[in-house]
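The file protein-v5.csv contains CSV, C-alpha atoms and all ligand atoms:
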chain,number,residue,atom,x,y,z
A,1,ARG,CA,205.6,12.6,-101.0
A,2,GLN,CA,207.5,12.6,-97.8
A,3,ASP,CA,206.2,15.9,-96.6
A,4,GLY,CA,202.6,14.6,-96.4
A,5,LYS,CA,201.5,17.1,-99.0
A,6,LYS,CA,198.5,15.9,-101.0
A,7,LEU,CA,198.9,15.4,-104.8
A,8,GLY,CA,197.0,17.8,-106.9
A,9,VAL,CA,194.2,16.5,-109.2
A,10,ALA,CA,192.8,18.5,-112.2
A,11,LEU,CA,189.4,17.3,-113.4
A,12,VAL,CA,189.0,17.6,-117.2
A,13,GLY,CA,185.3,18.0,-118.2
A,14,LEU,CA,183.0,19.3,-115.5
A,15,GLY,CA,179.9,17.2,-116.3
A,16,LYS,CA,177.7,15.2,-114.0
A,17,TYR,CA,180.3,12.6,-112.9
A,18,SER,CA,182.9,15.3,-112.0
A,19,ALA,CA,180.4,17.5,-110.3
A,20,GLU,CA,178.3,15.0,-108.4
A,21,GLU,CA,180.9,12.3,-107.6
A,22,LEU,CA,184.5,13.1,-108.1
A,23,ALA,CA,184.7,16.6,-106.7
A,24,PRO,CA,182.8,15.6,-103.5
A,25,ALA,CA,185.0,12.5,-103.2
A,26,LEU,CA,188.1,14.7,-103.5
A,27,LYS,CA,187.0,16.4,-100.2
A,28,GLU,CA,187.4,13.0,-98.5
A,29,THR,CA,190.6,11.9,-100.0
A,30,GLN,CA,193.8,11.7,-97.8
A,31,ARG,CA,196.5,11.7,-100.4
A,32,CYS,CA,195.2,13.9,-103.1
A,33,ARG,CA,193.0,17.0,-103.5
A,34,LEU,CA,191.1,18.9,-106.1
A,35,ALA,CA,193.7,21.5,-107.3
A,36,GLY,CA,192.6,22.4,-110.8
A,37,ILE,CA,189.9,22.3,-113.5
A,38,VAL,CA,189.7,22.1,-117.2
A,39,THR,CA,186.4,23.2,-118.8
A,40,GLY,CA,185.0,24.6,-121.9
A,41,THR,CA,182.2,26.4,-120.0
A,42,ARG,CA,183.0,29.8,-118.5
A,43,GLU,CA,180.1,29.8,-116.0
A,44,LYS,CA,181.3,26.4,-114.6
A,45,ALA,CA,184.8,27.8,-114.2
A,46,ASP,CA,183.5,30.7,-112.1
A,47,LYS,CA,181.3,28.5,-110.0
A,48,TRP,CA,183.9,25.8,-109.3
A,49,LYS,CA,186.6,28.4,-108.5
A,50,GLN,CA,184.4,29.7,-105.7
A,51,ARG,CA,183.1,26.4,-104.4
A,52,TYR,CA,186.4,24.6,-104.3
A,53,SER,CA,188.8,27.6,-103.7
A,54,ILE,CA,190.7,27.0,-107.0
A,55,PRO,CA,193.1,29.8,-107.9
A,56,ASP,CA,192.8,31.4,-111.3
A,57,GLN,CA,196.1,30.0,-112.5
A,58,ASN,CA,194.8,26.4,-112.0
A,59,VAL,CA,191.8,26.9,-114.3
A,60,TYR,CA,192.2,25.8,-118.0
A,61,ASN,CA,190.1,25.4,-121.1
A,62,TYR,CA,190.6,22.9,-123.9
A,63,GLU,CA,192.7,25.3,-125.9
A,64,ASN,CA,195.3,26.3,-123.3
A,65,PHE,CA,195.2,22.9,-121.5
A,66,ASP,CA,198.8,22.0,-122.6
A,67,GLU,CA,200.1,24.9,-120.4
A,68,ILE,CA,199.3,22.7,-117.4
A,69,LYS,CA,202.8,21.4,-118.1
A,70,ASN,CA,204.2,24.4,-116.2
A,71,ASN,CA,201.9,24.0,-113.2
A,72,PRO,CA,203.5,22.3,-110.2
A,73,ASP,CA,200.2,22.3,-108.3
A,74,ILE,CA,198.9,19.6,-110.7
A,75,ASP,CA,200.3,16.1,-110.4
A,76,ILE,CA,197.3,14.1,-111.8
A,77,VAL,CA,195.0,14.9,-114.7
A,78,TYR,CA,191.6,13.1,-114.5
A,79,VAL,CA,189.9,12.8,-117.9
A,80,VAL,CA,186.1,12.8,-117.4
A,81,LEU,CA,185.1,13.7,-121.0
A,82,PRO,CA,182.9,12.0,-123.6
A,83,ASN,CA,184.5,8.7,-124.5
A,84,SER,CA,185.9,9.6,-127.9
A,85,MET,CA,187.8,12.5,-126.3
A,86,HIS,CA,189.6,10.3,-123.8
A,87,ALA,CA,192.6,9.5,-126.0
A,88,GLU,CA,193.4,13.1,-127.0
A,89,TYR,CA,193.3,14.4,-123.5
A,90,THR,CA,195.2,11.5,-121.9
A,91,ILE,CA,198.0,11.9,-124.5
A,92,ARG,CA,198.1,15.7,-124.0
A,93,ALA,CA,198.3,15.2,-120.3
A,94,ALA,CA,201.1,12.7,-120.5
A,95,LYS,CA,203.0,15.0,-122.8
A,96,ALA,CA,202.5,17.7,-120.2
A,97,GLY,CA,204.3,15.4,-117.7
A,98,LYS,CA,201.2,14.5,-115.7
A,99,HIS,CA,200.0,11.2,-114.3
A,100,VAL,CA,196.6,10.3,-115.7
A,101,ILE,CA,193.3,8.8,-114.6
A,102,CYS,CA,191.0,8.2,-117.6
A,103,GLU,CA,187.4,7.4,-117.3
A,104,LYS,CA,185.8,4.2,-118.7
A,105,PRO,CA,185.6,3.1,-121.4
A,106,MET,CA,189.3,4.0,-121.9
A,107,ALA,CA,188.9,4.6,-125.6
A,108,VAL,CA,186.6,3.9,-128.6
A,109,THR,CA,189.3,2.1,-130.7
A,110,VAL,CA,192.1,-0.3,-129.9
A,111,LYS,CA,194.6,2.0,-131.7
A,112,GLU,CA,193.7,4.9,-129.4
A,113,GLY,CA,194.1,2.7,-126.3
A,114,GLU,CA,197.5,1.6,-127.5
A,115,GLU,CA,198.6,5.2,-128.2
A,116,MET,CA,197.4,6.3,-124.7
A,117,ILE,CA,199.5,3.6,-123.1
A,118,LYS,CA,202.5,4.4,-125.2
A,119,ALA,CA,202.3,8.2,-124.5
A,120,CYS,CA,202.2,7.6,-120.8
A,121,ARG,CA,205.0,5.1,-120.9
A,122,GLU,CA,207.2,7.4,-123.0
A,123,ALA,CA,206.5,10.3,-120.6
A,124,ASN,CA,207.3,7.9,-117.7
A,125,ARG,CA,203.8,8.7,-116.2
A,126,MET,CA,201.3,6.3,-114.7
A,127,LEU,CA,197.9,5.7,-116.3
A,128,SER,CA,194.9,4.2,-114.6
A,129,ILE,CA,191.3,3.8,-115.6
A,130,GLY,CA,188.4,5.0,-113.4
A,131,TYR,CA,187.3,1.5,-112.4
A,132,ARG,CA,185.9,2.5,-109.0
A,133,LEU,CA,184.5,-1.0,-108.2
A,134,HIS,CA,188.0,-2.4,-107.7
A,135,PHE,CA,187.9,-0.4,-104.5
A,136,GLU,CA,184.4,-1.4,-103.3
A,137,PRO,CA,184.1,-4.0,-100.5
A,138,HIS,CA,181.4,-6.2,-102.1
A,139,HIS,CA,183.2,-6.4,-105.5
A,140,LEU,CA,186.5,-7.0,-103.7
A,141,SER,CA,184.9,-10.0,-101.9
A,142,PHE,CA,183.8,-11.4,-105.3
A,143,MET,CA,187.4,-11.2,-106.5
A,144,GLU,CA,188.5,-13.0,-103.3
A,145,PHE,CA,185.9,-15.7,-103.8
A,146,ALA,CA,187.3,-16.3,-107.3
A,147,LYS,CA,190.9,-16.4,-106.0
A,148,LYS,CA,190.2,-18.6,-103.0
A,149,LYS,CA,187.5,-20.7,-104.7
A,150,THR,CA,185.5,-20.1,-101.5
A,151,TYR,CA,182.4,-21.6,-103.2
A,152,GLY,CA,184.2,-24.1,-105.3
A,153,PRO,CA,184.7,-23.8,-109.1
A,154,ILE,CA,182.6,-21.1,-110.7
A,155,LYS,CA,180.0,-22.3,-113.3
A,156,LYS,CA,178.0,-19.2,-114.3
A,157,VAL,CA,178.0,-15.5,-113.9
A,158,ILE,CA,174.9,-13.3,-114.6
A,159,ALA,CA,175.7,-9.6,-115.1
A,160,ASP,CA,173.1,-7.1,-116.1
A,161,ASP,CA,173.5,-3.3,-116.2
A,162,GLY,CA,171.2,-1.0,-118.0
A,163,MET,CA,169.2,2.2,-117.6
A,164,ASP,CA,166.4,4.2,-119.4
A,165,ILE,CA,168.5,7.0,-120.9
A,166,ASP,CA,167.4,10.6,-121.6
A,167,PRO,CA,167.2,11.6,-125.3
A,168,ASN,CA,169.6,14.2,-126.8
A,169,VAL,CA,172.7,13.3,-124.8
A,170,TRP,CA,176.2,12.6,-126.2
A,171,ARG,CA,175.9,9.0,-125.1
A,172,LEU,CA,173.5,8.4,-128.0
A,173,GLU,CA,175.9,9.9,-130.6
A,174,LYS,CA,178.2,7.3,-132.0
A,175,ARG,CA,180.9,9.9,-132.8
A,176,LEU,CA,181.3,10.9,-129.1
A,177,ALA,CA,180.3,7.7,-127.3
A,178,GLY,CA,181.8,5.0,-129.6
A,179,GLY,CA,178.8,2.8,-129.1
A,180,GLY,CA,175.7,2.5,-127.0
A,181,PRO,CA,175.0,0.9,-123.6
A,182,LEU,CA,177.6,-1.8,-124.2
A,183,MET,CA,180.4,0.7,-124.2
A,184,ASP,CA,178.9,2.8,-121.3
A,185,VAL,CA,177.5,0.4,-118.8
A,186,GLY,CA,178.0,-3.0,-120.4
A,187,ILE,CA,181.6,-2.5,-119.6
A,188,TYR,CA,180.7,-3.1,-115.9
A,189,CYS,CA,179.4,-6.5,-116.8
A,190,VAL,CA,182.6,-7.4,-118.7
A,191,GLN,CA,184.7,-6.2,-115.8
A,192,ALA,CA,182.5,-8.1,-113.3
A,193,ALA,CA,182.6,-11.3,-115.4
A,194,LEU,CA,186.4,-11.2,-115.5
A,195,TYR,CA,187.1,-10.5,-111.8
A,196,SER,CA,184.3,-12.8,-110.6
A,197,THR,CA,185.8,-15.7,-112.4
A,198,GLY,CA,189.4,-14.6,-112.1
A,199,GLU,CA,189.8,-15.7,-115.7
A,200,LEU,CA,190.2,-14.1,-119.1
A,201,PRO,CA,187.5,-15.1,-121.7
A,202,VAL,CA,188.4,-17.1,-124.7
A,203,SER,CA,185.5,-16.1,-126.9
A,204,VAL,CA,182.3,-14.1,-127.1
A,205,THR,CA,178.9,-14.5,-128.7
A,206,ALA,CA,176.4,-11.7,-128.8
A,207,GLN,CA,172.9,-10.7,-129.9
A,208,GLU,CA,171.8,-7.1,-130.4
A,209,GLY,CA,168.3,-6.4,-129.1
A,210,LYS,CA,165.5,-5.1,-131.3
A,211,LYS,CA,165.2,-1.3,-131.5
A,212,THR,CA,161.8,-0.3,-130.3
A,213,ASP,CA,162.7,3.5,-130.2
A,214,MET,CA,164.3,4.5,-133.5
A,215,GLU,CA,164.3,8.1,-132.4
A,216,ARG,CA,166.6,7.6,-129.5
A,217,PHE,CA,168.6,4.8,-131.0
A,218,LYS,CA,169.4,6.1,-134.5
A,219,GLU,CA,173.1,5.8,-134.0
A,220,VAL,CA,173.8,3.2,-131.3
A,221,GLU,CA,172.3,-0.1,-130.1
A,222,GLN,CA,169.4,0.0,-127.8
A,223,SER,CA,170.3,-3.2,-126.0
A,224,MET,CA,172.7,-6.1,-126.2
A,225,ASP,CA,172.9,-9.7,-124.8
A,226,TRP,CA,176.3,-11.3,-124.9
A,227,GLN,CA,178.1,-14.4,-123.4
A,228,LEU,CA,181.7,-14.7,-122.5
A,229,GLN,CA,183.2,-18.2,-122.5
A,230,PHE,CA,186.0,-18.9,-120.0
A,231,PRO,CA,188.8,-21.5,-120.1
A,232,SER,CA,187.4,-23.4,-117.1
A,233,GLY,CA,184.1,-23.8,-118.8
A,234,ALA,CA,182.4,-21.0,-116.9
A,235,VAL,CA,180.1,-18.8,-118.9
A,236,ALA,CA,179.1,-15.2,-118.2
A,237,HIS,CA,175.6,-14.2,-119.4
A,238,CYS,CA,175.6,-10.4,-119.8
A,239,ARG,CA,172.9,-7.9,-120.7
A,240,THR,CA,172.8,-4.2,-121.1
A,241,SER,CA,170.2,-1.7,-122.3
A,242,TYR,CA,169.5,2.1,-122.6
A,243,ALA,CA,165.8,1.4,-122.4
A,244,GLU,CA,165.5,-0.7,-119.3
A,245,ASP,CA,166.8,-0.4,-115.7
A,246,MET,CA,168.8,-3.4,-114.6
A,247,ASN,CA,171.6,-3.7,-112.1
A,248,LYS,CA,172.6,-7.1,-111.0
A,249,LEU,CA,175.6,-9.5,-110.6
A,250,ARG,CA,175.1,-13.1,-109.6
A,251,VAL,CA,177.7,-15.9,-109.5
A,252,GLU,CA,176.8,-19.6,-109.3
A,253,ALA,CA,179.5,-21.9,-108.1
A,254,GLN,CA,179.7,-25.6,-107.3
A,255,LYS,CA,179.2,-25.1,-103.6
A,256,GLY,CA,176.9,-22.1,-103.5
A,257,TRP,CA,176.0,-18.7,-105.0
A,258,TYR,CA,176.4,-15.0,-104.3
A,259,GLU,CA,174.9,-11.9,-105.7
A,260,LEU,CA,174.8,-8.2,-105.6
A,261,ASP,CA,171.5,-6.4,-106.2
A,262,PRO,CA,171.9,-3.6,-107.0
A,263,ALA,CA,175.4,-4.3,-108.1
A,264,TYR,CA,177.1,-1.2,-109.6
A,265,PRO,CA,175.8,2.0,-108.0
A,266,TYR,CA,178.0,4.5,-106.1
A,267,SER,CA,176.3,3.5,-102.9
A,268,GLY,CA,173.6,1.2,-101.7
A,269,ILE,CA,175.1,-2.0,-103.1
A,270,LYS,CA,173.5,-5.0,-101.3
A,271,GLY,CA,175.1,-8.4,-101.2
A,272,LYS,CA,174.0,-11.9,-100.2
A,273,THR,CA,175.4,-15.3,-100.6
A,274,SER,CA,173.9,-18.8,-100.2
A,275,GLN,CA,175.1,-18.5,-96.6
A,276,GLY,CA,173.2,-15.2,-95.9
A,277,ASP,CA,173.7,-11.5,-95.9
A,278,MET,CA,177.2,-10.3,-96.9
A,279,GLY,CA,177.0,-7.6,-94.2
A,280,LEU,CA,179.5,-5.3,-95.8
A,281,LYS,CA,179.4,-1.5,-95.7
A,282,ASN,CA,179.3,0.9,-98.6
A,283,VAL,CA,182.3,3.3,-98.9
A,284,SER,CA,183.2,6.2,-101.1
A,285,GLN,CA,184.5,4.2,-104.1
A,286,GLN,CA,185.9,7.3,-105.9
A,287,ALA,CA,187.8,8.5,-102.8
A,288,ARG,CA,189.4,5.1,-102.4
A,289,GLN,CA,190.2,4.9,-106.1
A,290,MET,CA,191.9,8.3,-106.3
A,291,ASP,CA,193.7,7.8,-103.0
A,292,ASP,CA,195.0,4.5,-104.2
A,293,PHE,CA,196.3,6.0,-107.4
A,294,ALA,CA,198.0,8.8,-105.4
A,295,ASP,CA,199.5,6.2,-103.2
A,296,CYS,CA,200.8,4.3,-106.2
A,297,ILE,CA,202.5,7.4,-107.5
A,298,ILE,CA,204.0,8.4,-104.2
A,299,ASN,CA,205.3,4.9,-103.4
A,300,LYS,CA,206.1,3.9,-107.0
A,301,LYS,CA,203.6,1.0,-107.0
A,302,LYS,CA,201.6,-0.4,-109.9
A,303,THR,CA,198.0,0.5,-110.1
A,304,ARG,CA,195.5,-2.4,-109.9
A,305,VAL,CA,193.5,-0.7,-112.7
A,306,PRO,CA,196.1,0.2,-115.4
A,307,GLY,CA,195.7,1.3,-118.9
A,308,GLU,CA,196.4,-2.2,-120.1
A,309,MET,CA,193.2,-3.4,-118.3
A,310,GLY,CA,191.3,-0.6,-120.0
A,311,LEU,CA,192.6,-1.7,-123.4
A,312,ARG,CA,191.8,-5.4,-122.6
A,313,ASP,CA,188.2,-4.4,-122.0
A,314,VAL,CA,188.0,-2.2,-125.1
A,315,LYS,CA,189.1,-5.2,-127.1
A,316,ILE,CA,186.4,-7.4,-125.5
A,317,LEU,CA,183.7,-4.7,-126.2
A,318,LEU,CA,184.7,-4.3,-129.8
A,319,ALA,CA,184.7,-8.1,-130.3
A,320,THR,CA,181.2,-8.2,-128.8
A,321,TYR,CA,180.0,-5.8,-131.4
A,322,GLU,CA,181.7,-8.0,-134.1
A,323,ALA,CA,180.0,-11.1,-132.6
A,324,ALA,CA,176.6,-9.4,-132.8
A,325,ARG,CA,177.2,-8.1,-136.3
A,326,THR,CA,178.4,-11.5,-137.7
A,327,GLY,CA,176.3,-13.8,-135.6
A,328,LYS,CA,179.6,-15.8,-135.1
A,329,LYS,CA,181.5,-16.7,-132.0
A,330,VAL,CA,184.5,-14.4,-131.9
A,331,PRO,CA,187.8,-15.7,-130.4
A,332,LEU,CA,189.5,-13.3,-127.9
B,401,LIG,P1,178.5,14.6,-118.9
B,401,LIG,O1,177.8,14.8,-120.2
B,401,LIG,O2,177.7,14.9,-117.7
B,401,LIG,O3,179.8,15.6,-118.9
B,401,LIG,C1,180.7,15.6,-119.9
B,401,LIG,C2,181.5,16.9,-119.9
B,401,LIG,O4,182.5,16.9,-120.8
B,401,LIG,C3,180.6,18.1,-120.2
B,401,LIG,O5,179.9,18.6,-119.1
B,401,LIG,C4,181.6,19.1,-120.7
B,401,LIG,O6,182.3,19.7,-119.6
B,401,LIG,C5,182.7,18.2,-121.4
B,401,LIG,N1,182.6,18.1,-122.8
B,401,LIG,C6,183.6,18.6,-123.7
B,401,LIG,N2,183.2,18.5,-124.9
B,401,LIG,C7,182.0,17.9,-124.9
B,401,LIG,C8,181.1,17.5,-126.0
B,401,LIG,N3,181.4,17.6,-127.3
B,401,LIG,N4,179.9,17.0,-125.6
B,401,LIG,C9,179.6,16.8,-124.3
B,401,LIG,N5,180.4,17.2,-123.3
B,401,LIG,C10,181.6,17.7,-123.6
B,401,LIG,O7,179.1,13.2,-118.9
B,401,LIG,P2,179.5,12.3,-117.6
B,401,LIG,O8,180.1,13.1,-116.6
B,401,LIG,O9,178.4,11.4,-117.2
B,401,LIG,O10,180.6,11.3,-118.3
B,401,LIG,C11,181.9,11.7,-118.6
B,401,LIG,C12,182.8,10.4,-118.6
B,401,LIG,O11,182.8,9.8,-117.4
B,401,LIG,C13,182.4,9.4,-119.6
B,401,LIG,O12,183.5,8.8,-120.3
B,401,LIG,C14,181.7,8.3,-118.8
B,401,LIG,O13,181.7,7.0,-119.3
B,401,LIG,C15,182.5,8.5,-117.5
B,401,LIG,N6,181.6,8.1,-116.3
B,401,LIG,C16,182.1,7.2,-115.5
B,401,LIG,C17,181.4,6.8,-114.4
B,401,LIG,C18,181.9,5.9,-113.4
B,401,LIG,O14,181.2,5.4,-112.5
B,401,LIG,N7,183.2,5.5,-113.5
B,401,LIG,C19,180.1,7.4,-114.1
B,401,LIG,C20,179.7,8.4,-115.1
B,401,LIG,C21,180.4,8.7,-116.1
B,401,LIG,P3,182.7,21.3,-119.6
B,401,LIG,O15,181.4,22.0,-119.8
B,401,LIG,O16,183.3,21.4,-118.3
B,401,LIG,O17,183.6,21.5,-120.8
Go through the file and emit its structure as structure tokens.
Ligand code: NDP
Amino acid sequence: RQDGKKLGVALVGLGKYSAEELAPALKETQRCRLAGIVTGTREKADKWKQRYSIPDQNVYNYENFDEIKNNPDIDIVYVVLPNSMHAEYTIRAAKAGKHVICEKPMAVTVKEGEEMIKACREANRMLSIGYRLHFEPHHLSFMEFAKKKTYGPIKKVIADDGMDIDPNVWRLEKRLAGGGPLMDVGIYCVQAALYSTGELPVSVTAQEGKKTDMERFKEVEQSMDWQLQFPSGAVAHCRTSYAEDMNKLRVEAQKGWYELDPAYPYSGIKGKTSQGDMGLKNVSQQARQMDDFADCIINKKKTRVPGEMGLRDVKILLATYEAARTGKKVPL
């Protein structure tokens, strides 16, 4: 906008990520602001209205959400719901004429992802995925190293992301989550493998870990090891788990290595290379991510994290499950 007015963002689903990361980040953003909320929980609506000075008419629930169409305060709808709800709310937002940011994983099936992209295209609205690490200085350096071959050709990527999850959460329900740790945090390993090599993988092999806690992991995998093979010959060795903390990214290239440990948190990422400390600062990834999207809308630029990237990753994740199930190398 020419008048310098900030674009209005409505957060859909006021869970942990919205409350602890996105809403605080929206206080730091320059080009967008928290203007509305969509929630199924009355008490949250009251609390958020007060805390963030949100007027009554900018508060929606899941039933009256489509009325957001008539609200000029809302430019961007940010879908922060359980994974299997992403498609429905992204499509409804697009039909309401809003630009959309959708959290990862974009969808739980390829068909859903395709429909989300189509709905946004037909509505002439932009769609981006909440891939915050594309706005993080350490990860941006890894992308640069791949582009410039700073350390020569890349041979191997090691990417691990896992946590010890609480029982009784939607992330353990297949219907809502679409899968286990692979869908939730393994996606960071896939993302990192692709931008750290600057290549698209040609195939995947995978091995599901043994379940040692049948109570928690009735519906989804407990852990997964998988390998992505790239055209250059580089291989990414990835691991994820809901029963073990791990958080690392390491790249081995012909002329050296570089690694992040921890690699994927909101802050406190630490990087070093075979030359020494990376010496980079941590920033508000979410503020940069949302400001960049607002900037793309205002200046009619393409987002670096479009729906197509989200769909690409869903395909890789689903192929990884297939590889684990069949024991075969699955072409991508
Ligand atoms: P939470 O469980 O903390 O919150 C989800 C919210 O969704 C709930 O609080 C609720 O909000 C709403 N909701 C609506 N229907 C349901 C339902 N059937 N079951 C549970 N919740 C429901 O999840 P997170 O905030 O951790 O995750 C939300 C999304 O964000 C996920 O897709 C996740 O992958 C993604 N995420 C991304 C991160 C990133 O770094 N990019 C980090 C963390 C999460 P209400 O009460 O307002 O209706």
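A distance search around ligand LIG 401 (chain B) (6 Å at most, only C-alpha atoms and all ligand atoms) returns the following protein and nucleic acid residues: Gly13, Leu14, Gly15, Lys16, Tyr17, Ser18, Thr39, Gly40, Thr41, Val80, Leu81, Pro82, Asn83, Glu103, Lys104, Pro105, Gly130, Tyr131, Trp170 and Asp184 of chain A.
Among the candidate residues A:Trp48, A:Tyr195, A:Trp226, A:Tyr242, the one lying nearest to Lys211 (chain A) is A:Tyr242, with distances computed using all atoms listed in the file.
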Query raised in the report: Nearest to Tyr321 (chain A) among A:Asn58, A:Ser53, A:Ser223, A:Thr29, with distances taken over all atoms listed in the file: which residue is it?
Result: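 Closest to Tyr321 (chain A) of all the choices is A:Ser223.
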Which neighbours of Thr273 (chain A) fall inside 9 Å, counting all atoms listed in the file, when residues of the same chain fewer than 6 positions from it are skipped, and could you give them as a ChimeraX atom specification? /A:256-260
Exercise for review: Could you give me, as a PyMOL selection string, the residues within 10 Å of Ala96 (chain A), counting only C-alpha atoms and dropping anything in the same chain fewer than 6 positions from it?
Suggested key: chain A and resi 65-71+77+90+123+125
Excluding region 138-146 of chain A and any residue of its chain fewer than 5 positions from it, enumerate the residues within 6 Å of it, using only C-alpha atoms, and give them as number ranges by chain. A: 195-198
For this session: Can you pull out every residue within 7 Å of region 262-269 of chain A, counting only C-alpha atoms, but drop anything in the same chain fewer than 5 positions away, and send it as a PyMOL selection string?
Result: chain A and resi 247-249+282+285
Across A:Val157, A:Leu318, A:Ala206, A:Ala25, the smallest distance to Gly178 (chain A), with only C-alpha atoms counted, is shown by A:Leu318
Correct to one decimal, the distance CA of Arg216 (chain A)-CA of Asn168 (chain A) is 7.7 Å
Restrict the calculation to all atoms listed in the file, then for each residue of region 40-154 of chain A with any atom at most 7 Å from an atom of region 294-307 of chain A give the closest atom pair and their distance in Å to one decimal, rows by chain and rising residue number, as a tab-separated table.
residue	atom	partner	partner_atom	distance
A:Ile117	CA	A:Gly307	CA	6.1
A:Leu127	CA	A:Gly307	CA	5.6
A:Ser128	CA	A:Pro306	CA	4.3
A:Ile129	CA	A:Val305	CA	5.8
A:Tyr131	CA	A:Val305	CA	6.6
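A straight line drawn from CA of Gly152 (chain A) to CA of Ser203 (chain A) is 23.1 Å long.
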For Val235 (chain A), the closest of A:Ile154, A:Met309, A:Val220, A:Ala287 counting all atoms listed in the file is A:Ile154
Using only C-alpha atoms, can you tell me which of A:Thr326, A:Glu112, A:Asp160, A:Tyr62 comes closest to His86 (chain A)?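 Residue with the minimum atom-to-atom distance to His86 (chain A): A:Glu112.
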